[in-house]
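K.L.:
Here it is: the structure, laid out below.
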Amino acid sequence: MSVGERLPHESAHLHVSGAAPYADDIPLPANALHGAFGLSSVAHGRIAALDLAAVAAFPGVHAVLTARDIPGENNCAPVIKDDPILADGLVQYAGQTMFLVLADSHDAARRAARKATVRYEKLPAIFDIREALAAESFVAPTRTLVRGEPIERLAAAPQRLKGTMTLGGQDHFYLEGQVAFAVPQEDGGMLVVSSTQHPSEVQHLVAHALGLESHDVTVQCRRMGGGFGGKETQAALIACAAAVAAWRTKRPVKLRLDRDDDMVATGKRHEFIADYDVGFDAEGRILALDVMMASRCGYSMDLSAAVNDRAVCHVDNAYFLEHVRIVSHRCKTNTVSNTAFRGFGGPQGMMVIESVIDEIARSLGRDPIDVRRVNFYGVGPRDTTPYGMTVEDNVMPRIASELEASSAYRERREAVARHNRGNTATKRGLAFTPVKFGISFNATLFNQAGALVHVYTDGSVLVNHGGTEMGQGLYTKVLQVVAETFGLSRENVRASTTDTSKVPNTSATAASAGSDLNGKAAEAAALAVRARMAEVAAQEMSVEVTAIRFAGGKVHGGPREMTFAAVARKAYERRVSLSSSGFYRTPKIHWDRDKLTGRPFFYFAYGAAVAEVEIDVGTGENRLLRVDILHDVGRSLNPAIDLGQIEGGFLQGMGWLTTEELCWNAEGHLITHAPSTYKIPTAREWPADARVSLLDNSNVEDTIHRSKAVGEPPLMLGMSVFFALRDAVAACGSGRESPRLRAPATPEALLDAIDSLRGTTNAIPARKVPA
């Protein structure tokens with residue numbers, strides 16, 4: 001058996017020994033050049049004069065490229081052509097790429113890039129979401145989803161609250177920065193090694209930039225040192241620039257961004273604001289909800305339309321909303337274009353409804369877990385989402401009951417209250433938050449995958465697929481699937497580098513669908529080869545093909561058996577193909593993007609967390625004391641990998657909502673562009689008491705071995721920490737008041753929230769609306 005085993009990551013031994021090669025580790029040819037961008041210093045303006053003489057004269061510099069040197073399209077945008085590789089006369093955010101320096105070394109290229117003299121004609125700039133709303137500045141049309149009679153039901157609701165929630169963005173802070181290496185090939189072709197989640201998209205955009213066909217460009221990616229969505233579209237800029245430079249100079253070119261430049265020049269998680277108006281009854285059941293969400297998209301579209309659509313589709317989270325209106329604005333600002341980030345808008349949508357639920361609970365004096373329960377999806381009339389999809393696999397009530405008991409939630413609630421009554425210097429908080437996350441790309445066309453499986457005559461197996469490995473264990477799981485299909489151990493199967501010349505037209509490794517899509521495609525290819533081998537084995541052992549079984553490295557046929565390698569050799573001798581491609585398309589899904597209705601997701605992944613925190617009311621310093629997590633991964637392909645994803649996702653979500661604060665100055669410059677000022681969670685933030693469990697469950701849908709996706713959903717478990725901090729802040733007042741806590745809940749934000757409760761600031765609390 002291979003599937004379901006707790007096997008280590010297929011590259012773990014390489015990771016810990018430092019032997020795993022990443023794009024930056026590939027040995028360079030002797031004539032390779034290194035690139036560095038020249039970046040804009042203003043947020044919005046026309047380039048009146050660009051003097052690059054000093055740049056070109058810098059020692060070691062071989063060439064300086066501008067937009068005029070691009071032979072094809074000056075574009076690296078994934079949806080509409082609004083994102084130039086190099087700015088051509090107009091800059092729209094501070095840090096936009098204007099020119100590319102090519103030198104003998106990375107250091108020389110970076111130093112030379114600083115020698116440019118640029119004169120700008122500054123233009124008015126928009127940085128703030130509210131400012132963009134007032135100016136009606138949008139990158140995409142506003143979308144509105146309406147279900148039922150929200151306005152009428154709000155007016156008739158016995159109780160009503162209005163409030164505002166603000167959410168900060170988040171930098172991907174992958175350990176391996178953006179990097180690409182381009183090598184000219186024979187007859188005008190181009191090979192690009194790119195740290196990308198989307199090799200096919202990079203292939204297409206590089207081809208367009210060079211004025212070539214897709215078959216002229218090959219993109220490879222063996223592994224990334226983290227992605228988190230930041231290498232889904234953003235990698236194209238670096239790859240296109242490197243390829244253009246290689247095409248112009250006829251020499252290999254490597255382009256690797258310094259951490260500061262990477263953070264300044266590449267997109268991040270979208271910041272959001274949400275204004276809400278909710279009507280509810282005495283139990284806290286939501287009767288009607290009206291939400292206005294607006295996100296800071298930056299200067300170009302990128303994936304903002306899809307990100308915001310997914311946010312709309314996750315405002316419900318685990319709750320039935322019978323009467324609801326959701327207005328979604330996609331604001332254009334003179335900041336870097338924001339992009340995909342683990343959760344892809346889902347976390348922001350969920351934070352809206354969780355804030356609403358928390359406000360309702362405090363206004364009623366009820367425990368938030370009880371208000372959450374009365375709003376959970378049920379069966380019958382309470383099982384349809386606002387966008388019209390039936391929730392067929394609702395295990396949230398079960399998760400809530402099991403986690404409430406295993407975490408001793410009620411007993412700890414009393415213990416927290418005792419601590420808070422007896423302490424003035426520190427306060428504790430406790431929170432339970434659920435997660436229901438839709439699995440599939442909202443854009444139906446991306447829900448497809450291909451794979452290629454070869455069996456060699458010695459019985460070894462090679463698999464290639466369109467998914468990319470960024471540390472999440474996709475290659476490991478696909479290897480297990482193929483090994484299971486052939487009845488082999490994982491050591492008998494090897495995965496080769498993701499390569500657009502082997503599996504074409506692939507989708508991004510994103511939307512948590514990597515194992516679902518590529519696992520099924522690889523299984524289909526392996527099954528095709530296995531069926532041919534079974535026929536050969538049946539003939540060799542004189543049994544019916546239905547009697548053939550692959551297990552333990554052997555092929556069994558009644559009382560006889562042959563080694564897998566022997567059957568492979570016999571198949572070759574009989575001139576039977578031992579290679580096959582495989583293809584998979586996700587069934588059942590459909591989506592009308594204009595009407596925001598349909599079944600965009602194949603299924604839902606569920607989870608819940610209980611977090612307990614303690615804050616110092618004088619300094620705002622805080623710590624997570626304990627976390628209990630129960631997460632649904634269906635029938636796990638690899639529990640060790642899945643537990644790692646859950647723990648890592650939780651911590652990253654916690655970082656987004658507590659420590660990772662992005663700050664810009666009045667001129668639109670990002671000032672938190674290094675680990676000295678931008679704080680991701682470390683081992684110190686992991687609680688001493690962490691209890692993480694997998695739900696004993698099987699996917700109701702026919703996924704790969706009935707497993708469920710685990711890439712993105714755990715990130716939203718981090719919401720529990722934010723609401724536990726909010727609970728601790730509330731304890732500084734009566735407990736019934738709602739703190740004005742912004743996210744991320746940094747020590748400064750916590751102190752501001754405490755001050756607002758004590759009446760020392762002008763912060764506006766959520767306000768009751770007369771019925």
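Starting from 1 in every chain, residues are counted up; chains themselves are A, B, ... following the order of the structure tokens, and ligands are numbered from 1 as listed.
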Distance table requested - region 399-482 of chain A against region 215-222 of chain A, cut-off 9 Å, only C-alpha atoms: one row per qualifying residue with the closest atom pair and its distance in Å to one decimal, ordered by chain and rising residue number, as a Markdown table.

P.N.:
| residue | atom | partner | partner_atom | distance |
| --- | --- | --- | --- | --- |
| A:Thr468 | CA | A:Cys221 | CA | 6.9 |
| A:Glu469 | CA | A:Arg222 | CA | 6.8 |
| A:Met470 | CA | A:Arg222 | CA | 8.9 |

K.L.:
Find the spatial neighbours of Arg740 (chain A), counting only C-alpha atoms, within a cut-off of 12 Å - ignore same-chain residues fewer than 2 positions away - and output them as a PyMOL selection string.

P.N.:
chain A and resi 163-166+355+358-359+723+725-727+729-730+737-738+742-743+745+749-759+761-767

K.L.:
Mind checking which residues fall within 9 Å of Ala288 (chain A), counting only C-alpha atoms, ignoring those fewer than 6 positions away in the same chain, and posting them as a PyMOL selection string?

P.N.:
chain A and resi 148-154+157+277-280+321-325

K.L.:
Could you write those residues out with all heavy atoms, as a short mmCIF file (atom, residue, chain, number, x, y, z; two decimals), in the first residue's frame?

P.N.:
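Writing the result to out_32.cif gives the following:
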data_model
loop_
_atom_site.label_atom_id
_atom_site.label_comp_id
_atom_site.auth_asym_id
_atom_site.auth_seq_id
_atom_site.Cartn_x
_atom_site.Cartn_y
_atom_site.Cartn_z
N GLY A 148 -33.11 36.52 -2.29
CA GLY A 148 -34.24 36.81 -1.42
C GLY A 148 -34.59 38.28 -1.41
O GLY A 148 -34.46 38.98 -2.41
N GLU A 149 -35.00 38.76 -0.24
CA GLU A 149 -35.45 40.14 -0.07
C GLU A 149 -34.67 40.80 1.06
O GLU A 149 -35.22 41.09 2.14
CB GLU A 149 -36.95 40.16 0.26
CG GLU A 149 -37.81 39.46 -0.78
CD GLU A 149 -39.26 39.30 -0.32
OE1 GLU A 149 -39.49 39.28 0.92
OE2 GLU A 149 -40.14 39.21 -1.17
N PRO A 150 -33.38 41.03 0.88
CA PRO A 150 -32.56 41.52 2.00
C PRO A 150 -32.98 42.88 2.54
O PRO A 150 -32.98 43.09 3.76
CB PRO A 150 -31.15 41.57 1.40
CG PRO A 150 -31.36 41.66 -0.08
CD PRO A 150 -32.58 40.87 -0.36
N ILE A 151 -33.33 43.81 1.67
CA ILE A 151 -33.65 45.16 2.14
C ILE A 151 -34.95 45.15 2.93
O ILE A 151 -35.04 45.75 4.03
CB ILE A 151 -33.73 46.15 0.95
CG1 ILE A 151 -32.43 46.09 0.12
CG2 ILE A 151 -33.99 47.55 1.46
CD1 ILE A 151 -31.17 46.30 0.92
N GLU A 152 -35.96 44.47 2.41
CA GLU A 152 -37.25 44.40 3.10
C GLU A 152 -37.11 43.66 4.44
O GLU A 152 -37.68 44.08 5.45
CB GLU A 152 -38.29 43.70 2.22
CG GLU A 152 -38.65 44.45 0.94
CD GLU A 152 -37.67 44.23 -0.20
OE1 GLU A 152 -36.62 43.57 0.02
OE2 GLU A 152 -37.96 44.71 -1.31
N ARG A 153 -36.37 42.56 4.43
CA ARG A 153 -36.21 41.78 5.67
C ARG A 153 -35.37 42.52 6.70
O ARG A 153 -35.57 42.36 7.90
CB ARG A 153 -35.59 40.42 5.34
CG ARG A 153 -36.45 39.54 4.44
CD ARG A 153 -37.84 39.29 5.03
NE ARG A 153 -38.67 38.51 4.14
CZ ARG A 153 -38.99 37.23 4.33
NH1 ARG A 153 -38.55 36.59 5.41
NH2 ARG A 153 -39.76 36.59 3.47
N LEU A 154 -34.41 43.31 6.24
CA LEU A 154 -33.66 44.13 7.18
C LEU A 154 -34.57 45.12 7.90
O LEU A 154 -34.49 45.30 9.13
CB LEU A 154 -32.56 44.91 6.44
CG LEU A 154 -31.20 44.24 6.27
CD1 LEU A 154 -30.32 45.07 5.36
CD2 LEU A 154 -30.53 44.02 7.62
N ALA A 157 -36.54 43.35 10.60
CA ALA A 157 -35.82 42.54 11.59
C ALA A 157 -36.00 43.09 13.00
O ALA A 157 -35.95 44.31 13.21
CB ALA A 157 -34.34 42.50 11.24
N ASP A 277 -24.71 45.58 7.20
CA ASP A 277 -25.97 45.89 7.89
C ASP A 277 -26.67 44.55 8.05
O ASP A 277 -27.01 43.89 7.07
CB ASP A 277 -26.80 46.85 7.02
CG ASP A 277 -28.06 47.35 7.73
OD1 ASP A 277 -28.39 46.83 8.82
OD2 ASP A 277 -28.73 48.24 7.16
N VAL A 278 -26.88 44.11 9.29
CA VAL A 278 -27.41 42.77 9.52
C VAL A 278 -28.64 42.83 10.43
O VAL A 278 -28.68 43.58 11.41
CB VAL A 278 -26.34 41.85 10.14
CG1 VAL A 278 -25.83 42.37 11.48
CG2 VAL A 278 -26.84 40.42 10.26
N GLY A 279 -29.65 42.06 10.07
CA GLY A 279 -30.83 41.90 10.90
C GLY A 279 -30.87 40.49 11.45
O GLY A 279 -30.55 39.53 10.74
N PHE A 280 -31.29 40.34 12.73
CA PHE A 280 -31.24 39.02 13.37
C PHE A 280 -32.30 38.95 14.46
O PHE A 280 -32.90 39.96 14.86
CB PHE A 280 -29.85 38.75 13.94
CG PHE A 280 -29.32 39.85 14.85
CD1 PHE A 280 -29.42 39.75 16.22
CD2 PHE A 280 -28.71 40.98 14.31
CE1 PHE A 280 -28.94 40.75 17.05
CE2 PHE A 280 -28.22 41.99 15.13
CZ PHE A 280 -28.34 41.88 16.51
N LEU A 321 -27.56 31.90 4.54
CA LEU A 321 -28.01 33.29 4.42
C LEU A 321 -29.17 33.32 3.45
O LEU A 321 -28.99 33.29 2.23
CB LEU A 321 -26.86 34.18 3.93
CG LEU A 321 -25.59 34.19 4.80
CD1 LEU A 321 -24.49 35.01 4.12
CD2 LEU A 321 -25.88 34.71 6.20
N GLU A 322 -30.37 33.41 3.98
CA GLU A 322 -31.57 33.32 3.14
C GLU A 322 -31.83 34.60 2.37
O GLU A 322 -32.25 34.57 1.20
CB GLU A 322 -32.78 32.97 3.99
CG GLU A 322 -34.05 32.70 3.18
CD GLU A 322 -35.19 32.20 4.05
OE1 GLU A 322 -35.06 32.21 5.28
OE2 GLU A 322 -36.21 31.79 3.47
N HIS A 323 -31.57 35.73 3.02
CA HIS A 323 -31.81 37.03 2.40
C HIS A 323 -30.52 37.84 2.49
O HIS A 323 -30.11 38.26 3.57
CB HIS A 323 -32.96 37.77 3.10
CG HIS A 323 -34.26 37.01 3.06
ND1 HIS A 323 -35.08 37.00 1.96
CD2 HIS A 323 -34.84 36.20 3.99
CE1 HIS A 323 -36.14 36.24 2.20
NE2 HIS A 323 -36.01 35.74 3.42
N VAL A 324 -29.87 38.05 1.35
CA VAL A 324 -28.54 38.67 1.38
C VAL A 324 -28.30 39.47 0.10
O VAL A 324 -28.73 39.08 -0.99
CB VAL A 324 -27.45 37.59 1.56
CG1 VAL A 324 -27.47 36.57 0.43
CG2 VAL A 324 -26.06 38.20 1.69
N ARG A 325 -27.59 40.58 0.27
CA ARG A 325 -27.07 41.34 -0.86
C ARG A 325 -25.59 41.57 -0.62
O ARG A 325 -25.19 42.03 0.46
CB ARG A 325 -27.78 42.68 -1.04
CG ARG A 325 -27.20 43.48 -2.23
CD ARG A 325 -27.99 44.75 -2.53
NE ARG A 325 -27.83 45.75 -1.48
CZ ARG A 325 -28.35 46.99 -1.53
NH1 ARG A 325 -29.09 47.33 -2.57
NH2 ARG A 325 -28.17 47.83 -0.54
#

K.L.:
Kindly indicate which residue among A:His454, A:Lys520, A:His669, A:Arg285 lies nearest to Gln480 (chain A), using only C-alpha atoms for the distances.

P.N.:
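Distance minimum relative to Gln480 (chain A) lands on A:Lys520.
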
K.L.:
I need the strand (DSSP E) residues of region 324-568 of chain A per DSSP on the backbone, written as number ranges by chain.

P.N.:
A: 324-332, 426-439, 448-455, 461-465, 493-495, 498-499, 548-551, 554-557, 560-563

K.L.:
Assign secondary structure with DSSP using the backbone only, and return the residues of region 602-724 of chain A in helix (DSSP H, G or I) as a PyMOL selection string.

P.N.:
chain A and resi 639-658+683-685+704-706+713-724

K.L.:
Enter the distance from CA of Asp516 (chain A) to CA of Glu712 (chain A), in Å, rounded to one decimal.

P.N.:
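Computed distance, CA of Asp516 (chain A) to CA of Glu712 (chain A), equals 13.3 Å.
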
K.L.:
Under the rule that only C-alpha atoms are counted, which of A:Arg223, A:Lys81, A:Lys115, A:Arg6 is the nearest residue to Ile26 (chain A)?

P.N.:
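Residue with the minimum atom-to-atom distance to Ile26 (chain A): A:Arg223.
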
K.L.:
Which residues are close to region 632-639 of chain A, i.e. within 10 Å by only C-alpha atoms, leaving aside same-chain residues fewer than 4 positions away? Reply as number ranges by chain.

P.N.:
A: 2-9, 395-396, 399, 435-436, 473, 476-478, 480-481, 515, 604-608, 643-646, 693-701, 703-710, 713-714
